[in-house]
file final31.pdb (PDB, C-alpha atoms and all ligand atoms)
ATOM      1  CA  MET A  23     100.655   3.321-136.654
ATOM      2  CA  THR A  24      97.521   1.699-135.235
ATOM      3  CA  HIS A  25      96.346  -1.211-137.362
ATOM      4  CA  PRO A  26      92.664  -1.062-138.461
ATOM      5  CA  THR A  27      92.053  -4.399-136.686
ATOM      6  CA  VAL A  28      93.225  -2.967-133.351
ATOM      7  CA  ARG A  29      91.209   0.218-133.818
ATOM      8  CA  ILE A  30      88.062  -1.740-134.770
ATOM      9  CA  ILE A  31      88.376  -4.076-131.777
ATOM     10  CA  ARG A  32      88.813  -1.131-129.402
ATOM     11  CA  ASP A  33      85.874   0.754-130.990
ATOM     12  CA  GLU A  34      83.626  -2.299-130.775
ATOM     13  CA  HIS A  35      84.629  -2.794-127.147
ATOM     14  CA  SER A  36      83.759   0.841-126.402
ATOM     15  CA  ALA A  37      80.342   0.496-128.034
ATOM     16  CA  LEU A  38      79.611  -2.730-126.160
ATOM     17  CA  SER A  39      80.799  -1.225-122.846
ATOM     18  CA  ALA A  40      78.589   1.830-123.346
ATOM     19  CA  MET A  41      75.596  -0.338-124.155
ATOM     20  CA  LEU A  42      76.133  -2.684-121.198
ATOM     21  CA  ARG A  43      76.724   0.144-118.729
ATOM     22  CA  SER A  44      73.621   1.926-120.008
ATOM     23  CA  ILE A  45      71.482  -1.142-119.287
ATOM     24  CA  ILE A  46      72.738  -1.172-115.670
ATOM     25  CA  LEU A  47      71.959   2.566-115.322
ATOM     26  CA  LEU A  48      68.536   2.088-116.874
ATOM     27  CA  LEU A  49      67.678  -0.736-114.454
ATOM     28  CA  ALA A  50      68.939   1.237-111.435
ATOM     29  CA  GLU A  51      66.841   4.223-112.461
ATOM     30  CA  HIS A  52      63.664   2.128-112.783
ATOM     31  CA  ARG A  53      64.346   0.427-109.470
ATOM     32  CA  ARG A  54      64.785   3.837-107.818
ATOM     33  CA  ARG A  55      61.508   5.073-109.272
ATOM     34  CA  GLY A  56      59.641   1.820-108.714
ATOM     35  CA  THR A  57      58.728   1.657-112.406
ATOM     36  CA  LEU A  58      59.020  -1.051-115.041
ATOM     37  CA  PRO A  59      61.493  -0.570-117.908
ATOM     38  CA  ASP A  60      60.611  -0.572-121.614
ATOM     39  CA  PHE A  61      60.998  -4.324-122.166
ATOM     40  CA  GLY A  62      60.972  -3.962-125.940
ATOM     41  CA  VAL A  63      64.088  -1.805-125.798
ATOM     42  CA  LEU A  64      65.837  -4.176-123.367
ATOM     43  CA  ARG A  65      65.048  -7.106-125.671
ATOM     44  CA  ALA A  66      66.433  -5.112-128.612
ATOM     45  CA  MET A  67      69.647  -4.405-126.672
ATOM     46  CA  LEU A  68      70.201  -8.049-125.758
ATOM     47  CA  PHE A  69      69.411  -9.082-129.329
ATOM     48  CA  TYR A  70      72.068  -6.623-130.538
ATOM     49  CA  VAL A  71      74.628  -8.079-128.088
ATOM     50  CA  ASP A  72      73.829 -11.541-129.433
ATOM     51  CA  GLU A  73      73.963 -10.530-133.126
ATOM     52  CA  PHE A  74      77.059  -8.322-133.191
ATOM     53  CA  PRO A  75      79.498  -8.788-130.291
ATOM     54  CA  GLU A  76      78.686 -12.467-129.714
ATOM     55  CA  ARG A  77      78.440 -13.706-133.306
ATOM     56  CA  LEU A  78      80.699 -11.379-135.299
ATOM     57  CA  HIS A  79      83.218  -9.714-132.994
ATOM     58  CA  HIS A  80      84.047 -12.782-130.920
ATOM     59  CA  THR A  81      84.076 -15.074-133.940
ATOM     60  CA  LYS A  82      86.638 -12.888-135.689
ATOM     61  CA  GLU A  83      88.813 -12.893-132.562
ATOM     62  CA  SER A  84      88.574 -16.645-131.975
ATOM     63  CA  GLU A  85      88.936 -17.697-135.618
ATOM     64  CA  LEU A  86      91.343 -15.095-136.985
ATOM     65  CA  LEU A  87      93.225 -13.015-134.433
ATOM     66  CA  PHE A  88      93.929 -15.539-131.689
ATOM     67  CA  PRO A  89      95.264 -18.324-133.999
ATOM     68  CA  ARG A  90      97.667 -15.859-135.633
ATOM     69  CA  VAL A  91      98.964 -14.662-132.290
ATOM     70  CA  ARG A  92      99.393 -18.294-131.156
ATOM     71  CA  ALA A  93     101.282 -19.076-134.373
ATOM     72  CA  ARG A  94     103.812 -16.286-133.692
ATOM     73  CA  SER A  95     104.205 -16.611-129.915
ATOM     74  CA  ALA A  96     103.323 -19.031-127.120
ATOM     75  CA  GLU A  97     103.507 -16.219-124.561
ATOM     76  CA  ALA A  98      99.739 -15.650-124.340
ATOM     77  CA  ASN A  99      98.506 -19.227-124.807
ATOM     78  CA  GLY A 100      97.050 -19.459-121.292
ATOM     79  CA  VAL A 101      95.268 -16.116-121.622
ATOM     80  CA  LEU A 102      93.970 -17.006-125.097
ATOM     81  CA  ASP A 103      92.596 -20.330-123.788
ATOM     82  CA  ARG A 104      90.677 -18.416-121.142
ATOM     83  CA  LEU A 105      89.379 -15.809-123.607
ATOM     84  CA  GLU A 106      88.200 -18.497-126.033
ATOM     85  CA  SER A 107      86.323 -20.275-123.283
ATOM     86  CA  ASP A 108      84.811 -16.882-122.328
ATOM     87  CA  HIS A 109      83.493 -16.580-125.899
ATOM     88  CA  LEU A 110      81.746 -19.950-125.573
ATOM     89  CA  ARG A 111      80.482 -19.097-122.101
ATOM     90  CA  GLY A 112      79.081 -15.798-123.399
ATOM     91  CA  GLU A 113      76.895 -17.570-125.964
ATOM     92  CA  HIS A 114      75.206 -19.532-123.174
ATOM     93  CA  ALA A 115      75.082 -16.588-120.787
ATOM     94  CA  ILE A 116      73.106 -14.443-123.234
ATOM     95  CA  ARG A 117      70.415 -17.164-123.467
ATOM     96  CA  TYR A 118      69.997 -17.226-119.665
ATOM     97  CA  LEU A 119      69.947 -13.458-119.632
ATOM     98  CA  GLU A 120      67.183 -13.360-122.243
ATOM     99  CA  HIS A 121      65.220 -15.893-120.198
ATOM    100  CA  ASP A 122      65.628 -13.835-117.015
ATOM    101  CA  LEU A 123      64.474 -10.738-118.904
ATOM    102  CA  LEU A 124      61.376 -12.583-120.103
ATOM    103  CA  GLY A 125      60.756 -13.723-116.526
ATOM    104  CA  PHE A 126      60.890 -10.095-115.367
ATOM    105  CA  GLU A 127      58.619  -8.990-118.219
ATOM    106  CA  MET A 128      56.038 -11.752-117.829
ATOM    107  CA  MET A 129      56.018 -11.954-114.016
ATOM    108  CA  GLY A 130      57.138  -8.440-113.068
ATOM    109  CA  GLU A 131      53.693  -7.266-111.995
ATOM    110  CA  GLY A 132      52.746 -10.447-110.134
ATOM    111  CA  ALA A 133      53.449 -11.694-106.622
ATOM    112  CA  ASP A 134      57.000 -12.719-107.603
ATOM    113  CA  GLY A 135      57.709  -9.434-109.378
ATOM    114  CA  ALA A 136      60.415  -8.276-106.949
ATOM    115  CA  ILE A 137      62.203 -11.642-107.162
ATOM    116  CA  ARG A 138      62.094 -11.642-110.985
ATOM    117  CA  ARG A 139      63.411  -8.068-111.137
ATOM    118  CA  GLU A 140      66.257  -8.945-108.771
ATOM    119  CA  GLN A 141      67.082 -12.087-110.733
ATOM    120  CA  PHE A 142      67.423 -10.159-114.002
ATOM    121  CA  GLU A 143      69.398  -7.334-112.365
ATOM    122  CA  ARG A 144      71.777  -9.874-110.827
ATOM    123  CA  SER A 145      72.259 -11.824-114.087
ATOM    124  CA  MET A 146      72.768  -8.609-116.027
ATOM    125  CA  LYS A 147      75.360  -7.338-113.535
ATOM    126  CA  GLN A 148      77.270 -10.654-113.675
ATOM    127  CA  TYR A 149      77.232 -10.578-117.477
ATOM    128  CA  VAL A 150      78.447  -6.964-117.593
ATOM    129  CA  ASP A 151      81.258  -7.588-115.072
ATOM    130  CA  PHE A 152      82.287 -10.720-116.991
ATOM    131  CA  TYR A 153      82.469  -8.909-120.340
ATOM    132  CA  LEU A 154      84.125  -5.737-119.098
ATOM    133  CA  ASP A 155      86.880  -7.900-117.614
ATOM    134  CA  HIS A 156      87.107  -9.987-120.801
ATOM    135  CA  MET A 157      87.577  -6.893-122.957
ATOM    136  CA  ARG A 158      90.105  -5.419-120.526
ATOM    137  CA  VAL A 159      92.266  -8.553-120.795
ATOM    138  CA  GLU A 160      92.088  -8.486-124.606
ATOM    139  CA  GLU A 161      93.123  -4.831-124.677
ATOM    140  CA  THR A 162      95.894  -5.030-122.104
ATOM    141  CA  GLU A 163      97.374  -8.441-122.895
ATOM    142  CA  VAL A 164      96.424  -9.666-126.374
ATOM    143  CA  LEU A 165      96.461  -6.544-128.516
ATOM    144  CA  PRO A 166      99.887  -5.342-127.274
ATOM    145  CA  LEU A 167     101.356  -8.808-127.920
ATOM    146  CA  ALA A 168      99.738  -8.945-131.379
ATOM    147  CA  GLU A 169     101.271  -5.568-132.219
ATOM    148  CA  LYS A 170     104.659  -6.947-131.200
ATOM    149  CA  VAL A 171     104.649 -10.314-132.976
ATOM    150  CA  LEU A 172     102.343 -10.223-136.034
ATOM    151  CA  THR A 173     103.771  -9.658-139.504
ATOM    152  CA  ALA A 174     102.603  -7.245-142.222
ATOM    153  CA  ASP A 175     100.924 -10.172-144.027
ATOM    154  CA  ASP A 176      99.107 -11.173-140.821
ATOM    155  CA  TRP A 177      97.786  -7.636-140.433
ATOM    156  CA  ALA A 178      96.710  -7.356-144.080
ATOM    157  CA  GLU A 179      94.553 -10.481-143.751
ATOM    158  CA  LEU A 180      93.161  -9.474-140.373
ATOM    159  CA  ASP A 181      92.390  -5.930-141.489
ATOM    160  CA  ALA A 182      90.460  -7.186-144.549
ATOM    161  CA  ALA A 183      88.320  -9.439-142.338
ATOM    162  CA  PHE A 184      87.774  -6.946-139.527
ATOM    163  CA  LEU A 185      86.766  -4.196-141.947
ATOM    164  CA  LYS A 186      83.737  -6.327-142.955
ATOM    165  CA  ASN A 187      80.555  -6.544-140.799
ATOM    166  CA  ARG A 188      81.204  -3.287-138.938
ATOM    167  CA  ASP A 189      79.219  -2.828-135.750
ATOM    168  CA  PRO A 190      76.663  -0.025-136.327
ATOM    169  CA  LEU A 191      77.075   1.137-132.728
ATOM    170  CA  THR A 192      80.635   2.232-133.567
ATOM    171  CA  GLY A 193      79.273   4.875-135.930
ATOM    172  CA  HIS A 194      78.838   2.841-139.109
ATOM    173  CA  GLU A 195      75.657   2.943-141.094
ATOM    174  CA  PRO A 196      73.637  -0.245-140.377
ATOM    175  CA  ASP A 197      72.439  -2.502-143.193
ATOM    176  CA  ASP A 198      68.817  -1.870-144.122
ATOM    177  CA  ALA A 199      67.837  -5.088-142.368
ATOM    178  CA  TYR A 200      69.250  -3.835-139.053
ATOM    179  CA  ARG A 201      68.110  -0.214-139.313
ATOM    180  CA  PRO A 202      64.840  -0.634-137.298
ATOM    181  CA  LEU A 203      66.728  -2.467-134.510
ATOM    182  CA  PHE A 204      69.344   0.262-134.167
ATOM    183  CA  LYS A 205      66.788   3.013-134.401
ATOM    184  CA  LYS A 206      64.913   1.424-131.488
ATOM    185  CA  ILE A 207      68.076   1.189-129.385
ATOM    186  CA  LEU A 208      69.447   4.623-130.252
ATOM    187  CA  MET A 209      66.170   6.384-129.525
ATOM    188  CA  THR A 210      66.585   5.261-125.918
ATOM    189  CA  LEU A 211      70.343   5.607-125.576
ATOM    190  CA  ALA A 212      72.075   8.861-126.322
ATOM    191  CA  ALA A 213      75.344  10.718-126.719
ATOM    192  CA  PRO A 214      76.085  11.136-122.957
ATOM    193  CA  ILE A 215      76.815   7.442-122.627
ATOM    194  CA  GLY A 216      79.214   7.383-125.553
ATOM    195  CA  LEU A 217      77.075   6.402-128.513
ATOM    196  CA  GLY A 218      77.077   9.847-130.087
ATOM    197  CA  ARG A 219      78.907   8.782-133.239
ATOM    198  CA  ALA A 220      76.380   6.073-134.002
ATOM    199  CA  LEU A 221      73.558   8.524-133.472
ATOM    200  CA  GLU A 222      75.199  11.089-135.729
ATOM    201  CA  ALA A 223      75.706   8.500-138.482
ATOM    202  CA  MET A 224      72.056   7.532-138.423
ATOM    203  CA  ALA A 225      70.905  11.136-138.144
ATOM    204  CA  ALA A 226      73.064  12.026-141.158
ATOM    205  CA  ALA A 227      71.241   9.280-143.057
ATOM    206  CA  GLY A 228      67.949  10.910-142.015
ATOM    207  CA  SER A 229      66.850   7.908-140.043
ATOM    208  CA  THR A 230      66.452   9.003-136.425
ATOM    209  CA  GLU A 231      64.773  11.552-134.223
ATOM    210  CA  HIS A 232      66.233  10.417-130.874
ATOM    211  CA  THR A 233      64.972  11.144-127.433
ATOM    212  CA  HIS A 234      66.972  10.908-124.204
ATOM    213  CA  VAL A 235      66.197   8.683-121.276
ATOM    214  CA  ALA A 236      64.709  10.983-118.616
TER     215      ALA A 236
HETATM  216 FE    FE B 301      86.639 -11.454-127.036
HETATM  217 FE    FE B 302      86.894  -8.461-128.019
END
call {"tool": "encode", "arguments": {"input": "final31.pdb", "output": "structure tokens"}}
result
Amino acid sequence: MTHPTVRIIRDEHSALSAMLRSIILLLAEHRRRGTLPDFGVLRAMLFYVDEFPERLHHTKESELLFPRVRARSAEANGVLDRLESDHLRGEHAIRYLEHDLLGFEMMGEGADGAIRREQFERSMKQYVDFYLDHMRVEETEVLPLAEKVLTADDWAELDAAFLKNRDPLTGHEPDDAYRPLFKKILMTLAAPIGLGRALEAMAAAGSTEHTHVA
């Protein structure tokens, strides 16, 4: 049986991967065409990454999952140290990324436009590579060990916590406060990059009329 915690972590990783990969595709497409991206949508995407994966997903891993795994086994201590420092590093990295995006937006049409575009593309690529690797390590090293060593009581507590604050990009209806943000993101992204379930959930709630990126 797959524990809800494991399923939720994998689903949230998939949503974050799809979002991050879509940003890279979007930037490559605009570079190819020599056009500027929709900066409002890019800001919304980075804001989402900061609000959900950075503040909720990583916090639940660092504060709940990792300590329980450490308490049952010392086998992954080195890996968990690295993953925890990744979580801290990610909080800083998103700030730099937002600054580089602003630089591209504010200076993109000026004399330094090409440099600012390159700077943001490079920062974004580094961030995406960093997080894809981070999630891969969690899925291949931490989750299998957790499934081996955690007790039924451990899982009951973890499942209760992980079932709260669900990421709307994994197909769960967003809170009213977040609905405009997700509508903005989902109108640009679409099913082909793996966010179909989130779109369907919002469409079922009568809240979206999405369009695809050309
Ligand atoms: Fe993590
Ligand atoms: Fe994670």
call {"tool": "residues_near_point", "arguments": {"input": "final31.pdb", "point": "(66.6, -3.3, -109.4)", "cutoff": "12 Å", "atoms": "only C-alpha atoms", "output": "mmCIF file with C-alpha atoms, keeping the file's coordinate frame"}}
result
data_model
loop_
_atom_site.group_PDB
_atom_site.id
_atom_site.type_symbol
_atom_site.label_atom_id
_atom_site.label_comp_id
_atom_site.auth_asym_id
_atom_site.auth_seq_id
_atom_site.Cartn_x
_atom_site.Cartn_y
_atom_site.Cartn_z
ATOM 1 C CA ILE A 45 71.482 -1.142 -119.287
ATOM 2 C CA ILE A 46 72.738 -1.172 -115.670
ATOM 3 C CA LEU A 47 71.959 2.566 -115.322
ATOM 4 C CA LEU A 48 68.536 2.088 -116.874
ATOM 5 C CA LEU A 49 67.678 -0.736 -114.454
ATOM 6 C CA ALA A 50 68.939 1.237 -111.435
ATOM 7 C CA GLU A 51 66.841 4.223 -112.461
ATOM 8 C CA HIS A 52 63.664 2.128 -112.783
ATOM 9 C CA ARG A 53 64.346 0.427 -109.470
ATOM 10 C CA ARG A 54 64.785 3.837 -107.818
ATOM 11 C CA ARG A 55 61.508 5.073 -109.272
ATOM 12 C CA GLY A 56 59.641 1.820 -108.714
ATOM 13 C CA THR A 57 58.728 1.657 -112.406
ATOM 14 C CA LEU A 58 59.020 -1.051 -115.041
ATOM 15 C CA PRO A 59 61.493 -0.570 -117.908
ATOM 16 C CA PHE A 126 60.890 -10.095 -115.367
ATOM 17 C CA GLY A 130 57.138 -8.440 -113.068
ATOM 18 C CA GLY A 135 57.709 -9.434 -109.378
ATOM 19 C CA ALA A 136 60.415 -8.276 -106.949
ATOM 20 C CA ILE A 137 62.203 -11.642 -107.162
ATOM 21 C CA ARG A 138 62.094 -11.642 -110.985
ATOM 22 C CA ARG A 139 63.411 -8.068 -111.137
ATOM 23 C CA GLU A 140 66.257 -8.945 -108.771
ATOM 24 C CA GLN A 141 67.082 -12.087 -110.733
ATOM 25 C CA PHE A 142 67.423 -10.159 -114.002
ATOM 26 C CA GLU A 143 69.398 -7.334 -112.365
ATOM 27 C CA ARG A 144 71.777 -9.874 -110.827
ATOM 28 C CA SER A 145 72.259 -11.824 -114.087
ATOM 29 C CA MET A 146 72.768 -8.609 -116.027
ATOM 30 C CA LYS A 147 75.360 -7.338 -113.535
#
call {"tool": "resolve_selection", "arguments": {"input": "final31.pdb", "expression": "the PyMOL selection byres (((chain A and resi 91-104) around 10) and not hetatm)", "output": "list in words"}}
result
Glu83, Ser84, Leu86, Leu87, Phe88, Pro89, Arg90, Leu105, Glu106, Ser107, Asp108, His109, His156, Val159, Glu160, Glu163, Val164, Leu165, Leu167, Ala168, Glu169, Lys170, Val171, Leu172, Thr173 and Asp176 of chain A
call {"tool": "closest_residue", "arguments": {"input": "final31.pdb", "among": "A:Arg43, A:Arg29, A:Lys206, A:His79", "to": "ligand FE 302 (chain B)", "atoms": "all atoms listed in the file"}}
result
A:His79
call {"tool": "resolve_selection", "arguments": {"input": "final31.pdb", "expression": "the PyMOL selection byres (((not hetatm)) within 6 of (chain B and resi 302))", "output": "PDB file with C-alpha atoms, in the frame of the given file"}}
result
ATOM      1  CA  ILE A  31      88.376  -4.076-131.777  1.00  0.00           C
ATOM      2  CA  HIS A  80      84.047 -12.782-130.920  1.00  0.00           C
ATOM      3  CA  MET A 157      87.577  -6.893-122.957  1.00  0.00           C
TER       4      MET A 157
END
call {"tool": "closest_residue", "arguments": {"input": "final31.pdb", "among": "A:Ile116, A:Arg201, A:Leu42, A:Glu34", "to": "ligand FE 301 (chain B)", "atoms": "all atoms listed in the file"}}
result
A:Glu34
call {"tool": "atom_distance", "arguments": {"input": "final31.pdb", "atom1": "CA of Met128 in chain A", "atom2": "CA of Val63 in chain A"}}
result
15.1 Å
call {"tool": "closest_residue", "arguments": {"input": "final31.pdb", "among": "A:Phe61, A:Tyr118, A:Tyr70, A:Tyr153", "to": "ligand FE 301 (chain B)", "atoms": "all atoms listed in the file"}}
result
A:Tyr153
call {"tool": "closest_residue", "arguments": {"input": "final31.pdb", "among": "A:Glu120, A:Asp181, A:Glu85, A:Asp60", "to": "ligand FE 301 (chain B)", "atoms": "all atoms listed in the file"}}
result
A:Glu85
call {"tool": "axis_aligned_box", "arguments": {"input": "final31.pdb", "around": "range 32-47 of chain A", "padding_each_side": "4 Å", "output": "JSON"}}
result
{"center_x": 80.1, "center_y": -0.1, "center_z": -123.2, "size_x": 25.3, "size_y": 13.4, "size_z": 23.7}
